[in-house]
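Structure data (PDB, C-alpha atoms and all ligand atoms) from my_file_12.pdb:
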```pdb
ATOM      1  CA  MET A   7      85.674  97.858 102.339
ATOM      2  CA  GLU A   8      83.793 101.112 102.476
ATOM      3  CA  PHE A   9      82.950 103.208 105.499
ATOM      4  CA  ARG A  10      79.333 102.001 105.639
ATOM      5  CA  ASP A  11      80.535  98.377 105.516
ATOM      6  CA  LEU A  12      82.719  99.094 108.525
ATOM      7  CA  PHE A  13      79.733 100.306 110.505
ATOM      8  CA  VAL A  14      77.714  97.226 109.587
ATOM      9  CA  ILE A  15      80.520  94.917 110.671
ATOM     10  CA  LEU A  16      81.197  96.835 113.880
ATOM     11  CA  GLY A  17      77.484  96.585 114.732
ATOM     12  CA  SER A  18      77.868  92.977 115.804
ATOM     13  CA  PHE A  19      80.731  91.222 117.503
ATOM     14  CA  GLN A  20      79.922  88.064 115.545
ATOM     15  CA  ASN A  21      80.364  90.040 112.317
ATOM     16  CA  VAL A  22      83.774  91.205 113.495
ATOM     17  CA  LEU A  23      84.830  87.620 114.214
ATOM     18  CA  ASN A  24      83.466  86.453 110.848
ATOM     19  CA  PHE A  25      85.304  89.258 109.084
ATOM     20  CA  PHE A  26      88.648  88.317 110.624
ATOM     21  CA  VAL A  27      88.062  84.597 109.982
ATOM     22  CA  SER A  28      87.130  85.200 106.348
ATOM     23  CA  HIS A  29      90.246  87.343 105.923
ATOM     24  CA  LYS A  30      92.292  84.628 107.600
ATOM     25  CA  LEU A  31      93.342  86.843 110.467
ATOM     26  CA  LEU A  32      91.703  84.456 112.917
ATOM     27  CA  ALA A  33      91.747  80.675 112.723
ATOM     28  CA  SER A  34      88.560  78.955 111.567
ATOM     29  CA  CYS A  35      89.391  75.759 113.458
ATOM     30  CA  GLN A  36      91.832  74.593 116.104
ATOM     31  CA  GLN A  37      93.127  71.268 117.340
ATOM     32  CA  CYS A  38      93.862  70.615 120.977
ATOM     33  CA  SER A  39      97.615  70.644 121.638
ATOM     34  CA  ARG A  40      97.136  68.230 124.551
ATOM     35  CA  CYS A  41      95.038  65.452 123.048
ATOM     36  CA  GLY A  42      94.739  66.289 119.351
ATOM     37  CA  SER A  43      90.938  66.459 119.384
ATOM     38  CA  ASN A  44      89.067  69.151 117.518
ATOM     39  CA  MET A  45      88.232  72.267 119.483
ATOM     40  CA  GLU A  46      84.978  74.175 119.327
ATOM     41  CA  LEU A  47      84.249  77.841 119.875
ATOM     42  CA  THR A  48      82.614  78.243 123.241
ATOM     43  CA  GLU A  49      80.962  81.326 124.646
ATOM     44  CA  THR A  50      82.591  82.517 127.803
ATOM     45  CA  THR A  51      82.682  85.579 130.007
ATOM     46  CA  ARG A  52      86.284  84.772 130.965
ATOM     47  CA  VAL A  53      87.608  86.968 128.159
ATOM     48  CA  ASN A  54      86.505  90.171 126.462
ATOM     49  CA  ASP A  55      86.469  88.386 123.108
ATOM     50  CA  GLY A  56      83.371  86.500 124.320
ATOM     51  CA  TYR A  57      84.578  83.188 122.936
ATOM     52  CA  MET A  58      87.399  80.760 123.511
ATOM     53  CA  TRP A  59      88.331  77.491 121.859
ATOM     54  CA  ARG A  60      87.525  74.447 123.975
ATOM     55  CA  CYS A  61      88.597  70.855 123.414
ATOM     56  CA  THR A  62      85.651  68.622 122.521
ATOM     57  CA  ASN A  63      87.205  65.647 124.317
ATOM     58  CA  LYS A  64      85.173  65.340 127.531
ATOM     59  CA  ARG A  65      88.179  64.102 129.500
ATOM     60  CA  CYS A  66      90.343  67.013 128.355
ATOM     61  CA  ARG A  67      88.239  70.175 127.890
ATOM     62  CA  THR A  68      91.326  72.360 127.492
ATOM     63  CA  TRP A  69      90.709  76.054 126.795
ATOM     64  CA  LEU A  70      92.608  78.062 124.191
ATOM     65  CA  SER A  71      92.470  81.753 123.344
ATOM     66  CA  ARG A  72      90.402  82.734 120.320
ATOM     67  CA  ARG A  73      93.457  84.750 119.289
ATOM     68  CA  SER A  74      95.905  81.856 119.512
ATOM     69  CA  GLY A  75      98.343  81.854 116.597
ATOM     70  CA  SER A  76      96.954  85.110 115.217
ATOM     71  CA  PHE A  77      98.263  88.631 114.801
ATOM     72  CA  PHE A  78      96.092  89.657 117.761
ATOM     73  CA  LYS A  79      97.705  87.251 120.185
ATOM     74  CA  GLY A  80      99.069  89.105 123.194
ATOM     75  CA  SER A  81      97.130  92.283 122.454
ATOM     76  CA  ASN A  82      94.591  93.666 124.925
ATOM     77  CA  ILE A  83      92.788  95.717 122.287
ATOM     78  CA  PRO A  84      89.242  94.423 121.610
ATOM     79  CA  LEU A  85      88.905  92.858 118.153
ATOM     80  CA  SER A  86      86.234  95.334 117.081
ATOM     81  CA  THR A  87      88.586  98.178 118.028
ATOM     82  CA  TRP A  88      91.358  96.496 116.042
ATOM     83  CA  LEU A  89      89.147  96.494 112.965
ATOM     84  CA  HIS A  90      88.255 100.143 113.494
ATOM     85  CA  LEU A  91      91.926 100.998 113.968
ATOM     86  CA  MET A  92      93.017  99.087 110.853
ATOM     87  CA  PHE A  93      90.401 100.842 108.780
ATOM     88  CA  LEU A  94      91.429 104.294 110.003
ATOM     89  CA  TRP A  95      95.077 103.420 109.475
ATOM     90  CA  ALA A  96      94.338 102.315 105.912
ATOM     91  CA  MET A  97      92.639 105.683 105.422
ATOM     92  CA  GLN A  98      95.917 107.338 106.500
ATOM     93  CA  ILE A  99      94.378 108.914 109.569
ATOM     94  CA  SER A 100      97.048 110.153 111.979
ATOM     95  CA  GLY A 101      97.872 108.262 115.154
ATOM     96  CA  SER A 102      96.538 110.971 117.458
ATOM     97  CA  LYS A 103      93.245 111.116 115.557
ATOM     98  CA  ILE A 104      92.985 107.317 115.635
ATOM     99  CA  ALA A 105      93.500 107.461 119.404
ATOM    100  CA  ARG A 106      90.633 109.939 119.720
ATOM    101  CA  LEU A 107      88.319 107.995 117.407
ATOM    102  CA  THR A 108      88.944 104.598 119.001
ATOM    103  CA  SER A 109      89.238 105.805 122.628
ATOM    104  CA  LEU A 110      92.605 104.083 122.875
ATOM    105  CA  SER A 111      95.564 105.795 124.489
ATOM    106  CA  LYS A 112      98.088 107.343 122.148
ATOM    107  CA  PRO A 113     100.937 105.003 123.197
ATOM    108  CA  THR A 114      98.628 102.014 122.574
ATOM    109  CA  VAL A 115      97.827 103.295 119.084
ATOM    110  CA  ILE A 116     101.463 104.030 118.301
ATOM    111  CA  HIS A 117     102.407 100.503 119.367
ATOM    112  CA  ALA A 118      99.539  98.967 117.366
ATOM    113  CA  LEU A 119     100.486 100.922 114.256
ATOM    114  CA  SER A 120     104.106  99.846 114.524
ATOM    115  CA  GLU A 121     102.917  96.229 114.773
ATOM    116  CA  LEU A 122     100.815  96.723 111.656
ATOM    117  CA  ARG A 123     103.715  98.277 109.780
ATOM    118  CA  THR A 124     106.004  95.474 110.855
ATOM    119  CA  ILE A 125     103.801  92.733 109.492
ATOM    120  CA  CYS A 126     102.827  94.485 106.306
ATOM    121  CA  SER A 127     105.140  93.331 103.582
ATOM    122  CA  ASN A 128     107.633  95.683 102.045
ATOM    123  CA  LYS A 129     106.017  94.777  98.769
ATOM    124  CA  VAL A 130     102.805  96.498  99.794
ATOM    125  CA  LEU A 131     104.462  99.417 101.523
ATOM    126  CA  ASN A 132     107.028 100.081  98.816
ATOM    127  CA  ALA A 133     104.621  99.820  95.924
ATOM    128  CA  GLY A 134     103.750 103.474  96.429
ATOM    129  CA  ILE A 135     100.075 102.684  96.738
ATOM    130  CA  LYS A 136      98.157 105.635  98.084
ATOM    131  CA  LEU A 137      95.429 104.486 100.370
ATOM    132  CA  GLY A 138      92.085 105.957 101.119
ATOM    133  CA  GLY A 139      90.936 109.456 100.482
ATOM    134  CA  LEU A 140      87.391 110.587  99.955
ATOM    135  CA  GLY A 141      85.386 108.470  97.550
ATOM    136  CA  ASN A 142      87.994 105.734  97.399
ATOM    137  CA  THR A 143      87.493 102.180  98.455
ATOM    138  CA  VAL A 144      89.958 100.693 100.893
ATOM    139  CA  GLU A 145      90.214  96.961 100.956
ATOM    140  CA  ILE A 146      91.816  95.093 103.793
ATOM    141  CA  ASP A 147      93.135  91.940 102.251
ATOM    142  CA  GLU A 148      95.091  89.036 103.626
ATOM    143  CA  SER A 149      98.289  87.787 102.126
ATOM    144  CA  LYS A 150     100.610  85.108 103.298
ATOM    145  CA  PHE A 151     103.952  86.780 103.754
ATOM    146  CA  GLY A 152     104.165  85.211 107.182
ATOM    147  CA  ALA A 153     106.164  87.787 109.082
ATOM    148  CA  LYS A 154     106.628  86.546 112.618
ATOM    149  CA  ARG A 155     105.075  89.081 114.911
ATOM    150  CA  LYS A 156     106.478  87.735 118.122
ATOM    151  CA  TYR A 157     110.009  88.742 117.133
ATOM    152  CA  LYS A 158     108.777  92.278 116.454
ATOM    153  CA  ARG A 159     110.665  92.248 113.175
ATOM    154  CA  GLY A 160     109.538  91.862 109.607
ATOM    155  CA  ARG A 161     111.031  88.421 109.220
ATOM    156  CA  VAL A 162     109.672  86.656 106.176
ATOM    157  CA  SER A 163     109.011  83.022 106.961
ATOM    158  CA  ALA A 164     106.175  80.582 107.404
ATOM    159  CA  GLY A 165     104.070  81.877 110.231
ATOM    160  CA  PRO A 166     100.764  83.245 111.395
ATOM    161  CA  TRP A 167      98.270  85.263 109.411
ATOM    162  CA  VAL A 168      99.397  88.482 107.866
ATOM    163  CA  PHE A 169      97.541  90.986 105.779
ATOM    164  CA  GLY A 170      98.151  93.777 103.381
ATOM    165  CA  VAL A 171      96.032  96.787 102.684
ATOM    166  CA  VAL A 172      95.256  97.722  99.125
ATOM    167  CA  GLU A 173      93.126 100.336  97.531
ATOM    168  CA  ARG A 174      90.566  99.275  94.987
ATOM    169  CA  GLY A 175      89.079 101.627  92.441
ATOM    170  CA  SER A 176      88.917 105.361  92.992
TER     171      SER A 176
HETATM  172 ZN    ZN B 201      92.105  68.089 124.369
END
```
Could you show the structure in this file as C-alpha cells?
Ligand SMILES: [Zn+2]
Amino acid sequence: MEFRDLFVILGSFQNVLNFFVSHKLLASCQQCSRCGSNMELTETTRVNDGYMWRCTNKRCRTWLSRRSGSFFKGSNIPLSTWLHLMFLWAMQISGSKIARLTSLSKPTVIHALSELRTICSNKVLNAGIKLGGLGNTVEIDESKFGAKRKYKRGRVSAGPWVFGVVERGS
C-alpha cells in the first residue's frame, strides 16, 4: 500500500471497512450466538463504527459489535485511525510522531503499538525486514499466526485475525 492509497481508503469509512474485511482483519459474516441465524450489517448511531451486526431472525434481533472476534475488539480507537496508525507504524514513524499525526494521546499510541508488536509473528519481526522509507512500498498483509490478543501475549494458537507487515519492492 502506498501513501496515496492510504488517503483514498481513509476518504471513506466504507473503504476502511472493506480494506479490513479484505485483509481478514474484520469478519465478513457472523452467525448469531443465541439462535444461530445469519447476522447482517446494520447501520447504527449506537457506535462510532457506524455499523453493528444484527441477527436476521425477527424474533431474536440480537446486536453484535462489528469488531467482535477481531484484533480491534475492546479498542476505542476508530477503525480509520487504526489504519492510519498501522500505516505510520509500518513506515517506522516514532510513537510520539504517530500520536501527533493521528491526534491520539501518546499513552494510547504506545499501548496500540505494543498490541501490534504482540500479534505480529516473530517470523516477521525477526526476519530483519526493513520497512518503509521514501519511495518504498509498504504492504499490510494478513497472515494466520493466530496470536491471542486477549491474553496480551504472543501465544501462537488458533485464534482471531492477525496480520504481518511486509515491504514490497523498493
Ligand atoms: Zn439470533
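The smallest atom-to-atom distance between ligand ZN 201 (chain B) and any of A:Thr68, A:Ser18, A:Ser34, A:Thr50, using only C-alpha atoms and all ligand atoms, is found for A:Thr68.
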Could you pull the residues within 7 Å of segment 107-121 of chain A, counting all atoms listed in the file, minus those fewer than 6 positions along the same chain, as an mmCIF file with C-alpha atoms, in the coordinates of the input?
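Okay, this is what ended up in result.cif:
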```
data_model
loop_
_atom_site.group_PDB
_atom_site.id
_atom_site.type_symbol
_atom_site.label_atom_id
_atom_site.label_comp_id
_atom_site.auth_asym_id
_atom_site.auth_seq_id
_atom_site.Cartn_x
_atom_site.Cartn_y
_atom_site.Cartn_z
ATOM 1 C CA THR A 87 88.586 98.178 118.028
ATOM 2 C CA LEU A 91 91.926 100.998 113.968
ATOM 3 C CA GLY A 101 97.872 108.262 115.154
#
```
- Computed interatomic separation between atom CA of Phe26 of chain A and atom CA of Tyr57 of chain A (Å):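 Separating atom CA of Phe26 of chain A from atom CA of Tyr57 of chain A is a distance of 13.9 Å.
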- Task: Give as a list in words the residues surrounding ligand ZN 201 (chain B) up to a distance of 6 Å, considering all atoms listed in the file.
- Result: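 Based on all atoms listed in the file, ligand ZN 201 (chain B) is surrounded within 6 Å by Cys38, Arg40, Cys41, Gly42, Ser43, Cys61, Asn63, Cys66, Arg67 and Thr68 of chain A.
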Convert the current residue selection to file output with C-alpha atoms, as a CSV table (one decimal), in the coordinates of the input.
```csv
chain,number,residue,atom,x,y,z
A,38,CYS,CA,93.9,70.6,121.0
A,40,ARG,CA,97.1,68.2,124.6
A,41,CYS,CA,95.0,65.5,123.0
A,42,GLY,CA,94.7,66.3,119.4
A,43,SER,CA,90.9,66.5,119.4
A,61,CYS,CA,88.6,70.9,123.4
A,63,ASN,CA,87.2,65.6,124.3
A,66,CYS,CA,90.3,67.0,128.4
A,67,ARG,CA,88.2,70.2,127.9
A,68,THR,CA,91.3,72.4,127.5
```
- For each of A:Trp69, A:Phe13, A:Phe19, A:Phe25, take the minimum atom-to-atom distance to Asn54 of chain A, counting only C-alpha atoms, then give the residue where this is smallest. A:Phe19
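One distance worth recording is that between atom CA of Leu16 of chain A and atom CA of Leu89 of chain A, which is 8.0 Å.
One finds atom CA of Met58 of chain A at 27.4 Å from atom CA of Leu94 of chain A.
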- Query: Looking at A:Ile15, A:Met92, A:Val27, A:Met7, which one is nearest to Ser76 of chain A, with distances taken over only C-alpha atoms?
  - Reply: A:Val27
- Between A:Thr51, A:Ile99, A:Phe77, A:Leu12, single out the one closest to Thr124 of chain A, counting only C-alpha atoms. A:Phe77
- Have a look at A:Gln98, A:Ser28, A:Thr62, A:Ser74 and name the one nearest to Asn44 of chain A; count only C-alpha atoms.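 Smallest distance to Asn44 of chain A is found for A:Thr62.
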- Run the PyMOL selection byres (((chain A and resi 78) around 10) and not hetatm) mentally over the shown coordinates, then write out the matched residues as number ranges by chain, using the chain letters and numbers from the document. A: 31-32, 72-77, 79-85, 88, 118, 121, 155, 167
- Note on the structure: Across A:Cys126, A:Lys30, A:Glu8, A:Arg52, the smallest distance to His90 of chain A, with all atoms listed in the file counted, is shown by A:Glu8
